[in-house]
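Here is the structure we will look at.
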Amino acid sequence: GSDQFVLNVPRDRGDGRNGFTPSSGVSETDQRSWKVTRTPGLPDDRATCASSFLGVRPFSPSPPSAISLRDRLDEQYRAFDYVESATDPVHRVRRYTSRADREIVAFCAAGLAFGRVASVLQSIDGLLGVMGPSPAEYVRRFEPERDRDALTPLVHRWIRGRDLAALVLVLQRMLRESGSIENFFVEGDDASAPDISVALESFSRRALQTDLKPAYGRVPRRAGVCYFFPRPSAGSACKRLNLLLRWMVRKDEIDLGVWTSVSPPRLIVPLVTH
């Protein structure tokens with residue numbers, strides 16, 4: 001029975017006076033909207049915001065200050081920006097010191113980050129146990145005929161050992177052709193684009209052009225390795241690839257900042273809607 005209308009917060013103007021400032025970590029858009037419900041008994045020019053946690057309170061005709069919104073979000077960020085704030089696969093990446101090892105471990109850890117946390121960590125540890133002290137060197141030297149049997153016992157939900165062998169082959173190709181996963185990613189990026197969605201599409205498409213027969217023999221029509229390389233054009237939110245990019249691109253108490261060729265404001269935050 002209540003009337004509803006939309007409250008629009010203007011896009012960032014770059015001067016901090018309207019919308020989101022460039023350093024807020026929120027992607028720039030034309031406008032942000034929240035549904036507002038008019039409260040019975042209040043004058044027409046006052047209402048309450050459905051998203052009260054954002055700091056939007058009953059207001060006059062002037063829109064709420066975006067600075068107060070940023071303060072609220074920054075407060076939440078600071079509250080959780082410490083290494084042990086959560087049990088997270090990124091801690092497995094932190095064990096390694098070389099950039100090359102961290103990149104490989106981060107890709108594998110993010111790629112396996114689906115399911116129960118305990119199961120995810122167990123699967124990551126199993127794979128790293130096979131890879132040995134230098135995962136990057138393991139990938140470079142990987143020979144399917146010689147090394148794939150050690151991966152056979154590893155299972156993570158529907159991912160099997162041969163899928164992991166195929167993943168290692170894809171990563172090996174990236175290192176051989178581009179020198180690093182970062183370089184392979186950047187080769188498909190357009191730095192002038194507002195975000196990295198085009199780069200994600202190119203990254204996964206080119207990755208799956210790898211010859212996977214040494215891992216599978218006869219490659220299945222929908223090989224398990226494809227799950228590591230989703231594409232936005234197929235309707236995927238690419239949550240695990242975006243998780244990898246967060247770890248690699250951002251630099252704070254949690255994220256490692258290994259990659260330097262991608263600008264953090266271009267990262268995407270997938271939102272789960274269910």
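Letters for chains follow the order of the structure tokens (A, B, ...), residue numbers begin at 1 for each chain, and ligand numbers begin at 1 in the order shown.
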Please list as a compact mmCIF listing (two decimals) with all heavy atoms, in the first residue's frame every residue within 9 Å of Val258 in chain A, counting only C-alpha atoms and excluding residues in the same chain fewer than 3 positions away.
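For reference, result_33.txt as written:
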# COMPACT_ATOMS: atom_id res chain seq x y z
N ARG A 99 56.94 -14.47 -7.08
CA ARG A 99 55.78 -14.03 -7.85
C ARG A 99 55.26 -15.14 -8.75
O ARG A 99 54.05 -15.33 -8.90
CB ARG A 99 56.16 -12.81 -8.69
CG ARG A 99 56.52 -11.58 -7.89
CD ARG A 99 57.07 -10.47 -8.77
NE ARG A 99 56.10 -10.00 -9.71
CZ ARG A 99 55.24 -9.02 -9.48
NH1 ARG A 99 55.26 -8.40 -8.32
NH2 ARG A 99 54.38 -8.62 -10.40
N ARG A 102 53.33 -17.71 -6.64
CA ARG A 102 52.08 -17.14 -6.14
C ARG A 102 51.03 -17.08 -7.24
O ARG A 102 49.85 -17.33 -6.99
CB ARG A 102 52.33 -15.75 -5.56
CG ARG A 102 52.96 -15.78 -4.17
CD ARG A 102 53.04 -14.41 -3.53
NE ARG A 102 53.25 -14.51 -2.09
CZ ARG A 102 53.22 -13.49 -1.25
NH1 ARG A 102 52.97 -12.26 -1.72
NH2 ARG A 102 53.40 -13.66 0.05
N GLU A 103 51.44 -16.74 -8.44
CA GLU A 103 50.50 -16.65 -9.55
C GLU A 103 49.89 -18.01 -9.86
O GLU A 103 48.67 -18.13 -10.03
CB GLU A 103 51.24 -16.09 -10.76
CG GLU A 103 50.39 -15.82 -11.96
CD GLU A 103 51.22 -15.33 -13.15
OE1 GLU A 103 52.13 -16.06 -13.57
OE2 GLU A 103 50.93 -14.23 -13.65
N TRP A 247 42.86 -11.03 -5.82
CA TRP A 247 44.09 -11.39 -5.10
C TRP A 247 45.33 -10.84 -5.78
O TRP A 247 46.26 -10.39 -5.14
CB TRP A 247 44.22 -12.90 -5.00
CG TRP A 247 43.20 -13.59 -4.17
CD1 TRP A 247 42.34 -13.03 -3.26
CD2 TRP A 247 42.94 -14.99 -4.16
NE1 TRP A 247 41.55 -14.00 -2.69
CE2 TRP A 247 41.90 -15.21 -3.22
CE3 TRP A 247 43.47 -16.08 -4.84
CZ2 TRP A 247 41.40 -16.48 -2.95
CZ3 TRP A 247 42.97 -17.35 -4.57
CH2 TRP A 247 41.94 -17.55 -3.63
N MET A 248 45.35 -10.93 -7.12
CA MET A 248 46.55 -10.59 -7.87
C MET A 248 46.72 -9.09 -8.10
O MET A 248 47.84 -8.59 -8.15
CB MET A 248 46.54 -11.32 -9.22
CG MET A 248 46.67 -12.83 -9.12
SD MET A 248 48.31 -13.39 -8.58
CE MET A 248 48.04 -13.60 -6.81
N VAL A 249 45.60 -8.36 -8.25
CA VAL A 249 45.68 -6.96 -8.67
C VAL A 249 45.66 -6.00 -7.48
O VAL A 249 46.44 -5.06 -7.42
CB VAL A 249 44.53 -6.64 -9.65
CG1 VAL A 249 44.48 -5.15 -9.97
CG2 VAL A 249 44.69 -7.47 -10.93
N ARG A 250 44.74 -6.24 -6.55
CA ARG A 250 44.66 -5.34 -5.39
C ARG A 250 45.82 -5.57 -4.44
O ARG A 250 46.40 -6.65 -4.40
CB ARG A 250 43.34 -5.56 -4.65
CG ARG A 250 42.13 -5.01 -5.38
CD ARG A 250 40.82 -5.52 -4.81
NE ARG A 250 40.79 -5.57 -3.37
CZ ARG A 250 39.90 -4.91 -2.63
NH1 ARG A 250 39.02 -4.12 -3.20
NH2 ARG A 250 39.90 -5.03 -1.31
N LYS A 251 46.14 -4.57 -3.64
CA LYS A 251 47.21 -4.68 -2.66
C LYS A 251 46.74 -4.12 -1.33
O LYS A 251 46.50 -2.91 -1.19
CB LYS A 251 48.45 -3.93 -3.15
CG LYS A 251 49.62 -3.94 -2.16
CD LYS A 251 50.17 -5.34 -1.95
CE LYS A 251 51.39 -5.31 -1.05
NZ LYS A 251 51.88 -6.68 -0.74
N ASP A 255 44.92 -8.99 0.00
CA ASP A 255 45.25 -9.18 -1.42
C ASP A 255 46.73 -8.88 -1.66
O ASP A 255 47.32 -8.00 -1.02
CB ASP A 255 44.36 -8.29 -2.27
CG ASP A 255 42.88 -8.58 -2.01
OD1 ASP A 255 42.51 -9.76 -1.97
OD2 ASP A 255 42.11 -7.62 -1.84
How many Å lie between CA of Ala86 in chain A and CA of Leu121 in chain A, rounded to one decimal?
-> 12.9 Å
To one decimal in Å, tell me the separation between CA of Tyr216 in chain A and CA of Arg157 in chain A.
->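 Calculated distance between CA of Tyr216 in chain A and CA of Arg157 in chain A is 18.3 Å.
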Would you pick out the contacts of range 122-135 of chain A at 9 Å or less, using only C-alpha atoms, so that residues sharing its chain but fewer than 4 positions from it are not included, and give the list as a CSV table (one decimal) with N, CA, C and O atoms, in the first residue's frame?
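Final file, around37.csv:
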chain,number,residue,atom,x,y,z
A,89,PRO,N,41.1,-19.4,0.9
A,89,PRO,CA,42.1,-20.0,0.1
A,89,PRO,C,43.3,-19.1,-0.2
A,89,PRO,O,44.4,-19.6,-0.5
A,92,ARG,N,46.7,-19.9,1.4
A,92,ARG,CA,47.6,-20.9,0.7
A,92,ARG,C,48.5,-20.2,-0.2
A,92,ARG,O,49.7,-20.7,-0.4
A,96,TYR,N,53.9,-18.8,-0.3
A,96,TYR,CA,54.9,-18.8,-1.3
A,96,TYR,C,55.4,-17.4,-1.4
A,96,TYR,O,54.7,-16.4,-1.3
A,98,SER,N,57.8,-16.3,-4.1
A,98,SER,CA,58.1,-15.9,-5.5
A,98,SER,C,56.8,-15.5,-6.2
A,98,SER,O,55.8,-16.1,-6.0
A,100,ALA,N,56.2,-15.9,-9.3
A,100,ALA,CA,55.8,-17.0,-10.3
A,100,ALA,C,55.0,-18.0,-9.5
A,100,ALA,O,53.9,-18.5,-10.0
A,101,ASP,N,55.4,-18.5,-8.4
A,101,ASP,CA,54.7,-19.5,-7.6
A,101,ASP,C,53.4,-18.9,-7.1
A,101,ASP,O,52.3,-19.6,-7.2
A,102,ARG,N,53.3,-17.7,-6.6
A,102,ARG,CA,52.1,-17.1,-6.1
A,102,ARG,C,51.0,-17.1,-7.2
A,102,ARG,O,49.8,-17.3,-7.0
A,104,ILE,N,50.7,-19.0,-9.9
A,104,ILE,CA,50.2,-20.4,-10.2
A,104,ILE,C,49.3,-20.9,-9.1
A,104,ILE,O,48.2,-21.4,-9.3
A,105,VAL,N,49.8,-20.7,-7.9
A,105,VAL,CA,49.0,-21.2,-6.7
A,105,VAL,C,47.7,-20.4,-6.6
A,105,VAL,O,46.6,-21.0,-6.3
A,108,CYS,N,45.2,-21.8,-9.2
A,108,CYS,CA,44.6,-23.1,-8.8
A,108,CYS,C,43.7,-23.0,-7.6
A,108,CYS,O,42.6,-23.6,-7.5
A,109,ALA,N,44.1,-22.2,-6.6
A,109,ALA,CA,43.3,-22.0,-5.4
A,109,ALA,C,41.9,-21.4,-5.7
A,109,ALA,O,40.9,-21.8,-5.3
A,112,LEU,N,39.6,-23.7,-7.7
A,112,LEU,CA,39.0,-24.8,-6.9
A,112,LEU,C,38.1,-24.3,-5.7
A,112,LEU,O,37.6,-25.0,-4.9
A,113,ALA,N,37.9,-23.0,-5.7
A,113,ALA,CA,37.1,-22.3,-4.6
A,113,ALA,C,35.6,-22.4,-4.8
A,113,ALA,O,35.0,-21.4,-5.0
A,117,VAL,N,34.2,-24.8,2.5
A,117,VAL,CA,35.6,-24.3,2.7
A,117,VAL,C,36.6,-25.4,3.1
A,117,VAL,O,37.7,-25.5,2.5
A,118,ALA,N,36.2,-26.3,4.0
A,118,ALA,CA,37.1,-27.3,4.4
A,118,ALA,C,37.5,-28.2,3.2
A,118,ALA,O,38.6,-28.6,3.1
A,139,VAL,N,54.8,-26.7,-13.2
A,139,VAL,CA,54.1,-26.4,-14.4
A,139,VAL,C,55.0,-26.4,-15.6
A,139,VAL,O,54.7,-27.0,-16.7
A,140,ARG,N,56.1,-25.7,-15.5
A,140,ARG,CA,57.0,-25.6,-16.6
A,140,ARG,C,57.5,-27.0,-17.1
A,140,ARG,O,57.7,-27.2,-18.3
A,150,ALA,N,50.1,-39.0,-11.0
A,150,ALA,CA,50.2,-38.5,-9.6
A,150,ALA,C,48.9,-37.7,-9.3
A,150,ALA,O,48.5,-37.5,-8.2
A,151,LEU,N,48.3,-37.1,-10.4
A,151,LEU,CA,47.1,-36.3,-10.2
A,151,LEU,C,45.8,-37.1,-10.2
A,151,LEU,O,44.8,-36.6,-9.8
A,154,LEU,N,43.3,-37.3,-7.2
A,154,LEU,CA,42.7,-36.0,-6.7
A,154,LEU,C,41.3,-35.8,-7.3
A,154,LEU,O,41.1,-35.9,-8.5
A,155,VAL,N,40.4,-35.5,-6.5
A,155,VAL,CA,39.0,-35.3,-6.9
A,155,VAL,C,38.4,-34.1,-6.1
A,155,VAL,O,38.6,-34.0,-4.8
A,156,HIS,N,37.9,-33.1,-6.7
A,156,HIS,CA,37.1,-32.0,-6.1
A,156,HIS,C,35.8,-31.9,-6.7
A,156,HIS,O,35.7,-31.4,-7.8
A,164,LEU,N,42.7,-31.7,-13.9
A,164,LEU,CA,43.8,-31.0,-13.3
A,164,LEU,C,45.0,-31.1,-14.2
A,164,LEU,O,45.7,-30.1,-14.3
Distance criterion (only C-alpha atoms): nearest to Phe185 in chain A out of A:Leu169, A:Ala199, A:Val90, A:Leu208 = A:Ala199
How many Å separate CA of Asp74 in chain A from CA of Thr273 in chain A?
-> 22.8 Å
Skipping near chain neighbours, those fewer than 5 positions away, what residues fall within 7 Å of Ile254 in chain A using only C-alpha atoms, listed as a list in words?
->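 Everything that qualifies: Asp81, Tyr82 and Val83 of chain A.
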Residues near Ala237 in chain A, cut-off 8 Å, only C-alpha atoms, skip fewer than 4 positions along chain, as a PyMOL selection string | chain A and resi 231-232+270
Identify, on the basis of only C-alpha atoms, every residue whose closest approach to Val272 in chain A does not exceed 12 Å; exclude the query and any residue fewer than 2 positions from it along the same chain; express the result as a compact mmCIF listing (two decimals) with C-alpha atoms, in the first residue's frame.
# COMPACT_ATOMS: atom_id res chain seq x y z
CA SER A 236 28.88 -16.67 -16.41
CA ALA A 237 29.65 -14.15 -13.66
CA CYS A 238 33.21 -15.56 -13.69
CA LYS A 239 33.27 -15.39 -9.89
CA VAL A 269 32.64 -7.56 -8.06
CA PRO A 270 30.14 -10.33 -8.97
CA HIS A 274 19.88 -15.79 -4.57
Tell me which of A:Pro265, A:Pro153, A:Gly257, A:Pro220 sits closest to Ala106 in chain A, counting only C-alpha atoms.
->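 Selected residue with least distance to Ala106 in chain A: A:Gly257.
Near Met174 in chain A, within 10 Å and counting only C-alpha atoms, sit Arg140, Val168, Leu169, Val170, Leu171, Gln172, Arg176, Glu177, Ser178, Gly179, Ser180, Ile181, Glu182, Asn183, Phe184, Phe185, Arg206, Ala207 and Thr210 of chain A; same-chain residues fewer than 2 positions away were not included.
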Output N, CA, C and O atoms of each residue in that selection to a file, as a PDB file, in the first residue's frame.
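Below is the file that was written, part_13.pdb:
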ATOM      1  N   ARG A 140      56.106 -25.724 -15.472  1.00  0.00           N
ATOM      2  CA  ARG A 140      57.028 -25.599 -16.614  1.00  0.00           C
ATOM      3  C   ARG A 140      57.550 -26.960 -17.059  1.00  0.00           C
ATOM      4  O   ARG A 140      57.727 -27.209 -18.261  1.00  0.00           O
ATOM      5  N   VAL A 168      46.960 -27.924 -15.890  1.00  0.00           N
ATOM      6  CA  VAL A 168      48.411 -27.693 -15.863  1.00  0.00           C
ATOM      7  C   VAL A 168      48.930 -27.460 -17.281  1.00  0.00           C
ATOM      8  O   VAL A 168      49.791 -26.606 -17.508  1.00  0.00           O
ATOM      9  N   LEU A 169      48.399 -28.201 -18.250  1.00  0.00           N
ATOM     10  CA  LEU A 169      48.815 -27.991 -19.642  1.00  0.00           C
ATOM     11  C   LEU A 169      48.470 -26.580 -20.123  1.00  0.00           C
ATOM     12  O   LEU A 169      49.262 -25.944 -20.828  1.00  0.00           O
ATOM     13  N   VAL A 170      47.294 -26.092 -19.753  1.00  0.00           N
ATOM     14  CA  VAL A 170      46.900 -24.736 -20.153  1.00  0.00           C
ATOM     15  C   VAL A 170      47.829 -23.713 -19.514  1.00  0.00           C
ATOM     16  O   VAL A 170      48.321 -22.787 -20.180  1.00  0.00           O
ATOM     17  N   LEU A 171      48.097 -23.878 -18.215  1.00  0.00           N
ATOM     18  CA  LEU A 171      48.984 -22.945 -17.522  1.00  0.00           C
ATOM     19  C   LEU A 171      50.399 -23.013 -18.096  1.00  0.00           C
ATOM     20  O   LEU A 171      51.079 -21.982 -18.229  1.00  0.00           O
ATOM     21  N   GLN A 172      50.841 -24.227 -18.458  1.00  0.00           N
ATOM     22  CA  GLN A 172      52.167 -24.382 -19.054  1.00  0.00           C
ATOM     23  C   GLN A 172      52.267 -23.620 -20.373  1.00  0.00           C
ATOM     24  O   GLN A 172      53.266 -22.952 -20.655  1.00  0.00           O
ATOM     25  N   ARG A 176      54.859 -20.597 -21.340  1.00  0.00           N
ATOM     26  CA  ARG A 176      55.767 -20.743 -22.480  1.00  0.00           C
ATOM     27  C   ARG A 176      55.565 -19.645 -23.521  1.00  0.00           C
ATOM     28  O   ARG A 176      56.528 -19.105 -24.062  1.00  0.00           O
ATOM     29  N   GLU A 177      54.315 -19.298 -23.781  1.00  0.00           N
ATOM     30  CA  GLU A 177      54.028 -18.332 -24.837  1.00  0.00           C
ATOM     31  C   GLU A 177      54.108 -16.881 -24.368  1.00  0.00           C
ATOM     32  O   GLU A 177      54.484 -15.997 -25.138  1.00  0.00           O
ATOM     33  N   SER A 178      53.752 -16.638 -23.099  1.00  0.00           N
ATOM     34  CA  SER A 178      53.634 -15.258 -22.628  1.00  0.00           C
ATOM     35  C   SER A 178      54.550 -14.933 -21.454  1.00  0.00           C
ATOM     36  O   SER A 178      54.680 -13.764 -21.089  1.00  0.00           O
ATOM     37  N   GLY A 179      55.118 -15.946 -20.843  1.00  0.00           N
ATOM     38  CA  GLY A 179      56.017 -15.716 -19.713  1.00  0.00           C
ATOM     39  C   GLY A 179      55.339 -15.752 -18.364  1.00  0.00           C
ATOM     40  O   GLY A 179      55.977 -16.052 -17.345  1.00  0.00           O
ATOM     41  N   SER A 180      54.046 -15.459 -18.320  1.00  0.00           N
ATOM     42  CA  SER A 180      53.297 -15.474 -17.061  1.00  0.00           C
ATOM     43  C   SER A 180      51.804 -15.482 -17.372  1.00  0.00           C
ATOM     44  O   SER A 180      51.383 -15.165 -18.493  1.00  0.00           O
ATOM     45  N   ILE A 181      51.019 -15.834 -16.359  1.00  0.00           N
ATOM     46  CA  ILE A 181      49.564 -15.764 -16.514  1.00  0.00           C
ATOM     47  C   ILE A 181      49.141 -14.307 -16.697  1.00  0.00           C
ATOM     48  O   ILE A 181      48.247 -14.002 -17.491  1.00  0.00           O
ATOM     49  N   GLU A 182      49.776 -13.418 -15.984  1.00  0.00           N
ATOM     50  CA  GLU A 182      49.458 -11.991 -16.114  1.00  0.00           C
ATOM     51  C   GLU A 182      49.634 -11.513 -17.550  1.00  0.00           C
ATOM     52  O   GLU A 182      48.747 -10.861 -18.116  1.00  0.00           O
ATOM     53  N   ASN A 183      50.767 -11.834 -18.139  1.00  0.00           N
ATOM     54  CA  ASN A 183      51.014 -11.391 -19.516  1.00  0.00           C
ATOM     55  C   ASN A 183      49.989 -11.982 -20.481  1.00  0.00           C
ATOM     56  O   ASN A 183      49.517 -11.302 -21.400  1.00  0.00           O
ATOM     57  N   PHE A 184      49.650 -13.256 -20.279  1.00  0.00           N
ATOM     58  CA  PHE A 184      48.654 -13.898 -21.128  1.00  0.00           C
ATOM     59  C   PHE A 184      47.309 -13.183 -20.999  1.00  0.00           C
ATOM     60  O   PHE A 184      46.601 -12.966 -21.985  1.00  0.00           O
ATOM     61  N   PHE A 185      46.954 -12.795 -19.788  1.00  0.00           N
ATOM     62  CA  PHE A 185      45.697 -12.093 -19.554  1.00  0.00           C
ATOM     63  C   PHE A 185      45.713 -10.718 -20.230  1.00  0.00           C
ATOM     64  O   PHE A 185      44.763 -10.335 -20.928  1.00  0.00           O
ATOM     65  N   ARG A 206      41.029 -18.003 -25.369  1.00  0.00           N
ATOM     66  CA  ARG A 206      42.367 -18.376 -25.830  1.00  0.00           C
ATOM     67  C   ARG A 206      42.947 -19.527 -25.019  1.00  0.00           C
ATOM     68  O   ARG A 206      43.642 -20.390 -25.545  1.00  0.00           O
ATOM     69  N   ALA A 207      42.631 -19.575 -23.715  1.00  0.00           N
ATOM     70  CA  ALA A 207      43.136 -20.665 -22.875  1.00  0.00           C
ATOM     71  C   ALA A 207      42.637 -22.023 -23.371  1.00  0.00           C
ATOM     72  O   ALA A 207      43.388 -23.003 -23.413  1.00  0.00           O
ATOM     73  N   THR A 210      44.121 -24.505 -26.169  1.00  0.00           N
ATOM     74  CA  THR A 210      45.245 -25.396 -25.879  1.00  0.00           C
ATOM     75  C   THR A 210      44.925 -26.819 -26.310  1.00  0.00           C
ATOM     76  O   THR A 210      43.782 -27.276 -26.164  1.00  0.00           O
TER      77      THR A 210
END
Mind the document's chain letters and residue numbers, and return as a compact mmCIF listing (two decimals) with N, CA and C atoms, in the first residue's frame the residues of range 34-230 of chain A that DSSP labels strand (DSSP E).
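The result, written out as out17.txt:
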# COMPACT_ATOMS: atom_id res chain seq x y z
N TRP A 34 18.35 3.29 -5.39
CA TRP A 34 17.82 2.51 -4.30
C TRP A 34 16.31 2.70 -4.25
N LYS A 35 15.57 1.65 -3.94
CA LYS A 35 14.12 1.78 -3.81
C LYS A 35 13.81 2.42 -2.46
N VAL A 36 12.98 3.39 -2.47
CA VAL A 36 12.62 4.12 -1.26
C VAL A 36 11.12 4.01 -1.05
N THR A 37 10.71 3.73 0.17
CA THR A 37 9.29 3.58 0.49
C THR A 37 8.83 4.76 1.32
N THR A 48 11.81 6.76 4.11
CA THR A 48 12.86 5.91 4.68
C THR A 48 13.40 5.01 3.59
N CYS A 49 14.69 4.79 3.62
CA CYS A 49 15.34 3.98 2.58
C CYS A 49 15.30 2.52 2.97
